[in-house]
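Shown below: target.txt, with compact mmCIF, C-alpha atoms.
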```
# COMPACT_ATOMS: atom_id res chain seq x y z
CA MET A 511 -17.58 152.38 83.02
CA ARG A 512 -20.04 149.95 81.46
CA TYR A 513 -18.72 146.67 80.16
CA LYS A 514 -18.36 146.36 76.41
CA SER A 515 -16.14 143.85 74.68
CA TYR A 516 -14.45 144.12 71.31
CA SER A 517 -13.58 141.18 69.07
CA VAL A 518 -11.31 140.87 66.06
CA LYS A 519 -14.19 142.26 63.99
CA SER A 520 -14.65 145.41 66.06
CA PHE A 521 -11.42 146.30 67.94
CA GLU A 522 -10.40 148.79 65.23
CA LYS A 523 -13.16 151.09 66.50
CA LEU A 524 -11.13 151.75 69.65
CA PRO A 525 -9.05 154.96 69.59
CA PHE A 526 -5.76 153.30 70.58
CA VAL A 527 -5.67 151.46 67.24
CA ARG A 528 -4.49 154.69 65.60
CA LYS A 529 -1.13 154.14 67.34
CA MET A 530 -0.71 150.62 65.94
CA ASP A 531 1.16 149.66 62.77
CA LYS A 532 -1.10 148.46 59.96
CA GLU A 533 0.95 145.29 59.68
CA ASP A 534 0.38 144.47 63.37
CA ILE A 535 -3.37 145.00 62.93
CA GLU A 536 -3.47 142.65 59.95
CA ASN A 537 -1.37 140.04 61.77
CA ILE A 538 -3.82 140.09 64.68
CA LYS A 539 -6.63 139.34 62.24
CA VAL A 540 -4.75 136.37 60.82
CA VAL A 541 -3.76 134.81 64.15
CA SER A 542 -7.29 135.31 65.49
CA LYS A 543 -8.51 132.80 62.94
CA ILE A 544 -6.94 130.20 65.25
CA PHE A 545 -6.92 131.75 68.72
CA PRO A 546 -9.77 133.64 70.41
CA PHE A 547 -9.41 137.40 70.80
CA LYS A 548 -11.44 139.73 73.01
CA ILE A 549 -10.61 143.01 74.73
CA ASN A 550 -12.47 145.65 76.73
CA GLU A 551 -11.76 149.33 77.35
CA TYR A 552 -10.54 148.86 80.92
CA ILE A 553 -7.80 146.37 80.12
CA ALA A 554 -6.85 148.36 77.00
CA SER A 555 -6.29 151.39 79.25
CA LEU A 556 -3.46 149.55 81.05
CA VAL A 557 -1.34 149.34 77.88
CA ASP A 558 1.41 151.89 77.23
CA TRP A 559 0.32 152.59 73.65
CA ASP A 560 3.41 154.64 72.85
CA ASN A 561 5.48 151.49 73.42
CA TYR A 562 2.82 148.86 72.82
CA LYS A 563 4.96 146.29 70.97
CA ASP A 564 6.85 145.36 74.17
CA ASP A 565 4.15 146.20 76.69
CA PRO A 566 3.33 143.14 78.86
CA ILE A 567 -0.41 143.88 78.94
CA PHE A 568 -0.46 144.19 75.14
CA ARG A 569 1.27 140.81 74.89
CA LEU A 570 -1.21 139.44 77.43
CA ILE A 571 -4.23 140.30 75.26
CA PHE A 572 -3.22 140.65 71.62
CA PRO A 573 -2.21 137.62 69.55
CA HIS A 574 1.18 137.80 67.81
CA LYS A 575 2.10 136.29 64.45
CA ASP A 576 4.89 134.23 66.04
CA MET A 577 2.28 132.32 68.04
CA LEU A 578 1.75 130.32 64.85
CA ASP A 579 4.13 128.21 62.81
CA SER A 580 5.39 130.47 60.00
CA LYS A 581 4.10 128.13 57.28
CA ASP A 582 0.65 127.98 58.89
CA PHE A 583 0.63 131.75 59.22
CA GLU A 584 1.34 132.18 55.51
CA LYS A 585 -1.41 129.72 54.58
CA LEU A 586 -3.92 131.60 56.74
CA LYS A 587 -3.06 135.05 55.38
CA ASN A 588 -5.19 134.51 52.30
CA SER A 589 -7.50 131.75 53.42
CA ASN A 590 -10.55 131.26 55.62
CA ASP A 591 -10.83 127.59 54.78
CA GLU A 592 -12.56 125.89 57.72
CA LYS A 593 -10.73 122.61 57.29
CA LEU A 594 -7.35 124.37 57.28
CA ILE A 595 -8.27 126.27 60.45
CA TYR A 596 -9.55 123.09 62.13
CA ASP A 597 -6.44 121.10 61.20
CA ILE A 598 -4.11 123.79 62.57
CA ARG A 599 -6.06 123.91 65.83
CA MET A 600 -5.89 120.13 66.21
CA LYS A 601 -2.08 120.27 65.91
CA LEU A 602 -1.96 122.54 68.97
CA ASN A 603 -2.92 119.91 71.57
CA PRO A 604 -6.32 121.44 72.47
CA HIS A 605 -6.80 119.29 75.58
CA PRO A 606 -3.47 118.90 77.40
CA ALA A 607 -2.73 116.66 80.39
CA GLY A 608 -5.39 114.10 79.46
CA GLN A 609 -8.27 116.36 80.48
CA MET A 610 -10.83 114.32 78.55
CA GLU A 611 -9.93 111.31 80.70
CA ASN A 612 -10.95 113.08 83.92
CA ILE A 613 -14.69 113.38 83.24
CA PRO A 614 -16.48 111.67 86.14
CA GLU A 615 -19.55 109.41 85.98
CA ILE A 616 -22.26 108.35 88.41
CA ASN A 617 -25.00 105.78 87.83
CA GLY A 618 -24.24 105.75 84.12
CA LYS A 619 -24.41 109.57 83.84
CA ARG A 620 -21.36 111.55 82.72
CA LEU A 621 -20.74 114.97 84.27
CA GLU A 622 -19.75 116.46 80.91
CA GLY A 623 -18.93 119.84 82.42
CA SER A 624 -16.73 118.52 85.21
CA GLN A 625 -13.27 117.12 85.80
CA HIS A 626 -12.21 115.00 88.75
CA LYS A 627 -8.47 114.42 88.61
CA TYR A 628 -7.42 114.78 92.25
CA LYS A 629 -9.45 113.01 94.90
CA GLU A 630 -10.07 116.15 96.99
CA THR A 631 -11.17 118.55 94.25
CA ILE A 632 -13.79 118.49 91.51
CA LEU A 633 -13.76 121.13 88.78
CA PHE A 634 -17.14 122.39 87.57
CA PHE A 635 -17.60 124.41 84.37
CA PRO A 636 -20.96 126.24 84.58
CA LYS A 637 -22.45 126.47 81.10
CA GLN A 638 -23.05 130.23 81.17
CA GLY A 639 -19.51 130.94 82.45
CA GLN A 640 -17.56 129.65 79.48
CA THR A 641 -16.29 133.01 78.30
CA CYS A 642 -14.23 135.82 79.90
CA HIS A 643 -14.22 139.61 80.15
CA ALA A 644 -11.17 139.49 77.85
CA TYR A 645 -9.02 136.62 76.59
CA CYS A 646 -5.44 135.88 77.57
CA SER A 647 -3.28 135.29 74.51
CA PHE A 648 -1.68 132.25 76.18
CA CYS A 649 -4.88 130.68 77.57
CA PHE A 650 -4.58 126.92 77.98
CA ARG A 651 -8.37 126.66 77.75
CA TRP A 652 -8.54 128.45 74.39
CA PRO A 653 -10.67 125.61 72.90
CA GLN A 654 -13.54 126.75 75.17
CA PHE A 655 -13.92 129.93 73.12
CA ILE A 656 -13.61 128.96 69.45
CA GLY A 657 -17.09 127.56 68.79
CA ILE A 658 -16.21 123.86 68.45
CA ASN A 659 -18.59 122.01 70.77
CA GLU A 660 -16.52 118.82 70.83
CA LEU A 661 -13.71 120.73 72.56
CA LYS A 662 -15.82 122.39 75.24
CA PHE A 663 -16.35 121.60 78.88
CA ALA A 664 -19.67 123.01 80.11
CA SER A 665 -22.49 121.91 82.39
CA LYS A 666 -25.77 123.16 83.78
CA GLU A 667 -26.42 119.94 85.73
CA VAL A 668 -25.85 121.03 89.31
CA GLU A 669 -28.11 118.24 90.57
CA ILE A 670 -25.79 115.57 89.13
CA LEU A 671 -22.81 117.42 90.59
CA ILE A 672 -24.38 117.28 94.06
CA GLU A 673 -25.20 113.60 93.60
CA TYR A 674 -21.60 112.86 92.61
CA ILE A 675 -20.07 114.79 95.51
CA LYS A 676 -22.35 113.04 98.00
CA ALA A 677 -21.19 109.68 96.64
CA ASN A 678 -17.49 110.61 96.91
CA PRO A 679 -16.56 111.50 100.51
CA THR A 680 -12.94 112.27 99.54
CA ILE A 681 -14.14 115.45 97.79
CA THR A 682 -13.63 118.49 100.03
CA ASP A 683 -13.37 121.19 97.35
CA VAL A 684 -15.47 122.36 94.41
CA LEU A 685 -13.69 124.67 91.95
CA PHE A 686 -15.97 126.75 89.72
CA THR A 687 -13.93 127.45 86.61
CA GLY A 688 -14.25 128.21 82.92
CA GLY A 689 -13.90 130.44 81.04
CA ASP A 690 -14.69 132.64 83.99
CA PRO A 691 -17.65 131.96 86.31
CA LEU A 692 -17.79 135.65 87.21
CA VAL A 693 -18.91 136.70 83.74
CA MET A 694 -22.25 135.23 84.82
CA SER A 695 -24.86 137.34 86.53
CA THR A 696 -25.03 136.82 90.28
CA LYS A 697 -28.49 135.34 89.80
CA LEU A 698 -27.07 132.60 87.58
CA LEU A 699 -24.05 131.97 89.82
CA LYS A 700 -26.33 131.71 92.83
CA ALA A 701 -28.41 129.08 91.01
CA TYR A 702 -25.34 126.84 91.02
CA ILE A 703 -23.90 127.65 94.43
CA LYS A 704 -27.00 127.88 96.62
CA PRO A 705 -28.24 124.30 95.95
CA LEU A 706 -24.73 123.07 96.69
CA ILE A 707 -24.75 124.76 100.09
CA GLU A 708 -28.34 123.79 100.86
CA ALA A 709 -27.45 120.14 100.18
CA LYS A 710 -25.38 120.26 103.41
CA ILE A 711 -22.79 117.74 102.25
CA PRO A 712 -20.72 117.09 105.39
CA HIS A 713 -17.39 116.43 103.66
CA LEU A 714 -17.60 119.49 101.37
CA LYS A 715 -15.59 122.25 103.06
CA ASN A 716 -14.19 124.60 100.42
CA ILE A 717 -15.69 126.48 97.49
CA ARG A 718 -13.22 127.93 95.02
CA ILE A 719 -13.87 130.38 92.20
CA GLY A 720 -11.21 130.59 89.51
CA THR A 721 -11.38 134.01 87.87
CA LYS A 722 -9.54 136.71 85.95
CA ALA A 723 -12.33 139.26 86.62
CA LEU A 724 -10.36 141.10 89.29
CA SER A 725 -7.74 142.01 86.70
CA PHE A 726 -9.83 142.20 83.52
CA TRP A 727 -12.98 143.84 84.91
CA PRO A 728 -12.75 145.01 88.57
CA TYR A 729 -16.05 146.89 88.10
CA ARG A 730 -17.66 143.45 88.53
CA PHE A 731 -17.21 144.10 92.27
CA LEU A 732 -17.69 147.87 92.25
CA THR A 733 -20.31 149.30 89.91
CA ASP A 734 -21.90 146.48 87.90
CA GLU A 735 -25.64 146.35 88.53
CA ASP A 736 -25.37 143.24 90.69
CA ALA A 737 -21.95 143.94 92.25
CA ASN A 738 -23.36 144.22 95.78
CA GLU A 739 -25.46 141.10 95.24
CA LEU A 740 -22.30 139.22 94.24
CA LEU A 741 -20.48 140.34 97.38
CA ASP A 742 -23.53 139.29 99.41
CA LEU A 743 -23.30 135.85 97.80
CA PHE A 744 -19.66 135.59 98.85
CA LYS A 745 -20.64 136.51 102.40
CA TYR A 746 -23.47 133.95 102.34
CA ILE A 747 -20.97 131.22 101.40
CA VAL A 748 -18.63 132.18 104.25
CA ASP A 749 -21.45 132.61 106.78
CA SER A 750 -22.68 129.14 105.83
CA GLY A 751 -19.44 127.71 107.19
CA TYR A 752 -17.46 127.25 103.98
CA HIS A 753 -13.99 128.47 103.14
CA LEU A 754 -14.38 130.65 100.05
CA ALA A 755 -11.17 130.68 98.02
CA PHE A 756 -11.11 133.41 95.40
CA MET A 757 -8.47 132.15 92.94
CA ALA A 758 -7.27 135.35 91.26
CA HIS A 759 -5.20 135.32 88.10
CA PHE A 760 -2.53 138.05 87.80
CA ASN A 761 0.21 137.85 85.18
CA HIS A 762 2.02 141.14 85.79
CA TYR A 763 2.24 143.72 88.56
CA LYS A 764 0.74 146.37 86.24
CA GLU A 765 -2.60 144.60 86.72
CA LEU A 766 -2.45 145.26 90.48
CA GLN A 767 -1.78 148.95 90.44
CA THR A 768 -5.10 150.58 89.54
CA ASP A 769 -7.37 152.14 92.15
CA GLU A 770 -10.22 150.00 90.84
CA VAL A 771 -8.39 146.74 91.54
CA LYS A 772 -7.29 147.87 94.99
CA GLU A 773 -10.85 148.84 95.94
CA ALA A 774 -12.28 145.61 94.52
CA VAL A 775 -9.79 143.57 96.57
CA LYS A 776 -10.92 145.32 99.76
CA LYS A 777 -14.57 144.59 99.00
CA ILE A 778 -13.93 140.91 98.29
CA LEU A 779 -11.87 140.45 101.46
CA SER A 780 -14.57 142.18 103.52
CA THR A 781 -16.90 139.24 102.76
CA GLY A 782 -14.56 136.79 104.49
CA ALA A 783 -13.26 135.32 101.25
CA ILE A 784 -9.53 134.59 100.93
CA ILE A 785 -7.79 135.69 97.72
CA ARG A 786 -5.04 133.43 96.41
CA THR A 787 -3.06 134.42 93.33
CA GLN A 788 -1.58 132.41 90.50
CA SER A 789 -0.07 132.78 87.04
CA PRO A 790 1.97 130.91 84.48
CA LEU A 791 5.52 132.03 83.77
CA LEU A 792 5.44 133.53 80.27
CA ARG A 793 8.08 134.72 77.85
CA HIS A 794 7.30 138.25 76.61
CA ILE A 795 5.08 138.98 79.66
CA ASN A 796 6.67 138.13 83.02
CA ASP A 797 9.95 136.32 82.30
CA SER A 798 12.08 138.07 84.90
CA SER A 799 12.62 137.58 88.61
CA LYS A 800 12.02 141.28 89.24
CA VAL A 801 8.50 141.17 87.79
CA TRP A 802 7.55 138.29 90.08
CA GLU A 803 9.24 139.82 93.10
CA ILE A 804 7.30 143.07 92.66
CA MET A 805 4.08 141.20 91.92
CA TRP A 806 4.28 138.99 95.02
CA LYS A 807 5.22 141.91 97.28
CA GLU A 808 2.29 143.98 96.02
CA GLN A 809 -0.11 141.04 96.39
CA VAL A 810 0.93 140.55 100.02
CA ALA A 811 0.58 144.30 100.63
CA LEU A 812 -3.01 144.01 99.39
CA ASN A 813 -3.64 141.05 101.76
CA MET A 814 -3.62 138.43 99.01
CA ILE A 815 -1.79 135.10 99.26
CA PRO A 816 0.67 134.14 96.46
CA TYR A 817 -0.22 130.56 95.56
CA TYR A 818 1.22 129.17 92.30
CA MET A 819 3.77 129.92 89.62
CA PHE A 820 2.92 127.61 86.73
CA VAL A 821 4.93 126.51 83.72
CA ALA A 822 3.11 127.39 80.48
CA ARG A 823 1.02 124.34 79.53
CA ASP A 824 1.82 122.27 76.45
CA THR A 825 -1.06 123.57 74.37
CA GLY A 826 -1.88 126.35 71.94
CA ALA A 827 0.93 128.87 71.54
CA LYS A 828 3.21 127.22 74.11
CA ARG A 829 6.19 127.46 71.76
CA TYR A 830 5.87 131.25 71.78
CA PHE A 831 5.47 131.65 75.54
CA GLU A 832 7.57 128.78 76.89
CA LEU A 833 10.84 128.97 78.77
CA PRO A 834 13.30 126.15 79.50
CA LEU A 835 12.66 124.58 82.91
CA SER A 836 16.16 125.62 83.96
CA LYS A 837 15.33 129.25 83.22
CA ALA A 838 11.93 128.95 84.93
CA TRP A 839 13.62 127.71 88.11
CA GLU A 840 16.21 130.53 87.96
CA ILE A 841 13.44 133.13 87.69
CA TYR A 842 11.52 131.56 90.57
CA LYS A 843 14.61 131.34 92.77
CA GLY A 844 15.62 134.91 91.97
CA ALA A 845 12.18 136.17 92.97
CA ILE A 846 11.54 134.00 96.02
CA SER A 847 14.99 134.90 97.43
CA ASN A 848 14.00 138.58 97.59
CA VAL A 849 10.62 138.42 99.35
CA SER A 850 9.75 137.86 102.97
CA GLY A 851 8.31 134.63 104.30
CA LEU A 852 4.79 136.00 103.80
CA ALA A 853 5.20 135.67 100.04
CA ARG A 854 6.96 132.31 100.16
CA THR A 855 3.61 130.59 100.23
CA VAL A 856 3.89 130.41 96.44
CA ARG A 857 4.67 127.02 94.90
CA GLY A 858 6.42 126.42 91.63
CA PRO A 859 7.49 126.47 88.96
CA SER A 860 4.86 123.77 88.52
CA MET A 861 3.80 121.77 85.47
CA SER A 862 0.14 120.72 85.44
CA ALA A 863 0.86 117.47 83.61
CA LYS A 864 -1.12 114.27 83.12
CA PRO A 865 0.09 112.57 86.34
CA GLY A 866 -0.26 115.72 88.47
CA LYS A 867 1.40 119.00 89.40
CA ILE A 868 5.16 118.53 89.08
CA ALA A 869 7.37 121.23 90.57
CA VAL A 870 10.97 121.97 89.66
CA VAL A 871 12.51 122.14 93.14
CA GLY A 872 15.99 122.93 91.91
CA VAL A 873 19.10 121.94 90.01
CA SER A 874 21.72 119.84 91.80
CA GLU A 875 24.71 117.59 91.25
CA ILE A 876 24.52 114.05 92.58
CA ASN A 877 27.27 111.47 92.01
CA ASN A 878 28.88 113.89 89.55
CA GLU A 879 25.68 114.07 87.49
CA LYS A 880 23.76 117.31 87.02
CA VAL A 881 20.04 116.75 87.62
CA PHE A 882 16.70 118.43 88.08
CA VAL A 883 15.16 117.81 91.50
CA LEU A 884 11.40 117.39 91.00
CA ASN A 885 8.46 116.94 93.34
CA MET A 886 4.78 116.03 92.99
CA LEU A 887 2.77 118.86 94.58
CA GLN A 888 -0.44 117.07 93.60
CA ALA A 889 -1.00 113.70 91.95
CA LYS A 890 -3.66 111.43 90.52
CA ASN A 891 -2.08 108.82 92.77
CA PRO A 892 -1.96 110.59 96.17
CA ASP A 893 0.77 108.23 97.41
CA LEU A 894 3.21 110.10 95.16
CA VAL A 895 2.63 113.55 96.67
CA ASP A 896 5.71 115.21 98.16
CA ILE A 897 8.17 112.50 97.11
CA PRO A 898 11.28 114.04 95.49
CA PHE A 899 12.58 112.42 92.29
CA PHE A 900 15.20 113.26 89.68
CA ALA A 901 15.55 113.94 85.97
CA LYS A 902 18.66 114.32 83.89
CA TYR A 903 19.52 117.96 83.40
CA ASP A 904 18.48 119.28 80.00
CA GLU A 905 18.94 123.00 79.43
CA LYS A 906 16.44 123.00 76.53
CA ALA A 907 13.60 120.96 78.06
CA SER A 908 10.42 122.91 78.82
CA TRP A 909 8.03 120.11 79.86
CA ILE A 910 8.13 116.84 81.76
CA ASP A 911 7.82 114.67 78.64
CA GLU A 912 11.08 116.18 77.35
CA LEU A 913 12.98 114.96 80.42
CA LYS A 914 14.56 111.57 81.09
CA PRO A 915 14.74 109.92 84.52
CA ALA A 916 17.99 110.05 86.46
CA PHE A 917 19.21 107.08 88.61
CA SER A 918 16.19 105.05 87.46
CA GLU A 919 14.64 103.60 84.33
CA LYS A 920 11.37 105.49 84.82
CA PHE A 921 9.79 108.32 86.75
CA ILE A 922 7.85 107.53 89.93
CA PHE A 923 4.50 108.18 88.22
CA GLU A 924 5.16 105.83 85.28
```
Produce structure tokens that represent the structure in this file.
Amino acid sequence: MRYKSYSVKSFEKLPFVRKMDKEDIENIKVVSKIFPFKINEYIASLVDWDNYKDDPIFRLIFPHKDMLDSKDFEKLKNSNDEKLIYDIRMKLNPHPAGQMENIPEINGKRLEGSQHKYKETILFFPKQGQTCHAYCSFCFRWPQFIGINELKFASKEVEILIEYIKANPTITDVLFTGGDPLVMSTKLLKAYIKPLIEAKIPHLKNIRIGTKALSFWPYRFLTDEDANELLDLFKYIVDSGYHLAFMAHFNHYKELQTDEVKEAVKKILSTGAIIRTQSPLLRHINDSSKVWEIMWKEQVALNMIPYYMFVARDTGAKRYFELPLSKAWEIYKGAISNVSGLARTVRGPSMSAKPGKIAVVGVSEINNEKVFVLNMLQAKNPDLVDIPFFAKYDEKASWIDELKPAFSEKFIFE
């Protein structure tokens, strides 16, 4: 299969569209005025088109009218007004968790395509990797794909990145992210990674690649023209003494069950890379303990390491995908209770909020008060990591800023 993507302007050419209601097709066109939409034939083949409305892969890719406020949806039905579209997008918190505040500087130069929030890890957004093989309907980085430059993170300045890492000995990890770095040709990816390795920075130990390619386009590792060259690059990284962490994004166990994915996983692991898996918890897609239990078990069976369960970020269509934190914890507990210790490496449910990654550890009763037990898995202030703290129980709250401190006037990060 050769890669070909389809946008909102072209997806009706695909044969499966004949099974879709005309109203659903028109609704997709309306919602796509706000959110990016892209699909390819491989990921479309995973959908049960006879029951597409409730299929998790369909919900993963195709925008739904309820992702927008009903009044905004009605306005957009008969309008392509650019100001209206821009204003609606700006209401959707395009850069959550203070991302714009995490852009590092060195010698008066800003690394526009980087974020440095936690002292150990710098995120790097290679300019040519700011798209994906298909788009997730819930993507928290949706502003990367809508053509508004002021909302993009992207960089081609690997020299400044190296200079910055050398000057910051606390940095042990570089995370290549996007978009998806693996939409780039291997030649382009190598142009970023090889100078980093050749710089021989003593405190740099780990290279991470955040990607959805394994799920959305496993042929990237199998039959693409430079698939073998990409695997050779992975092996080069490992042979150079670095830990290569392949951060794979799987939202449902259906994504794990094709022969192509299973073969691609074997090829990646054969290079010495380690595959860690992560996903947000999403209403309409994976909001049951059984889905996560099956997913984690199958990941372990394929020699992958379950890593994170995230809470849907407070951006874009969060209202459509969100679950109360109490429900998120119940789903996590129900799943983690039914897997062996090999899958209990996963952490969550975790909110990637402005002060850091905040996990819901559980619900408890202390001094006759029902509370959430919370924990900082990662923090801007590293002194706060792994210190439990408490919030008043709120069965409707879905994000940290909707919670109030318990037994204290403020949270530990305030």
Mind checking which residues fall within 9 Å of segment 877-881 of chain A, counting all atoms listed in the file, ignoring those fewer than 2 positions away in the same chain, and posting them as a tab-separated table (two decimals) with C-alpha atoms, in the frame of the given file?
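The result, stored in part_14.tsv:
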```tsv
chain	number	residue	atom	x	y	z
A	872	GLY	CA	15.99	122.93	91.91
A	873	VAL	CA	19.10	121.94	90.01
A	874	SER	CA	21.72	119.84	91.80
A	875	GLU	CA	24.71	117.59	91.25
A	883	VAL	CA	15.16	117.81	91.50
A	900	PHE	CA	15.20	113.26	89.68
A	901	ALA	CA	15.55	113.94	85.97
A	902	LYS	CA	18.66	114.32	83.89
A	903	TYR	CA	19.52	117.96	83.40
A	904	ASP	CA	18.48	119.28	80.00
A	916	ALA	CA	17.99	110.05	86.46
```
From A:Ile846, A:Val771, A:Val821, A:Val870, residue lying nearest Trp802 of chain A [all atoms listed in the file]: A:Ile846
May I ask which of the residues A:Asn561, A:Gln809, A:Ile544, A:Thr825 is the closest one to Ser589 of chain A, counting all atoms listed in the file?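 Selected residue with least distance to Ser589 of chain A: A:Ile544.
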Among the residues A:Arg569, A:Lys776, A:Arg599, A:Lys519, the one that comes closest to Val557 of chain A [using only C-alpha atoms]: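 Of A:Arg569, A:Lys776, A:Arg599, A:Lys519, the one nearest Val557 of chain A, counting only C-alpha atoms, is A:Arg569.
Closest approach to Ala783 of chain A among A:Glu770, A:Leu835, A:Met819, A:His753: A:His753, based on all atoms listed in the file.
For the residues A:Lys890, A:Arg793, A:Lys722, A:Arg829, ranking by smallest atom-to-atom distance to Leu766 of chain A using all atoms listed in the file places A:Lys722 first.
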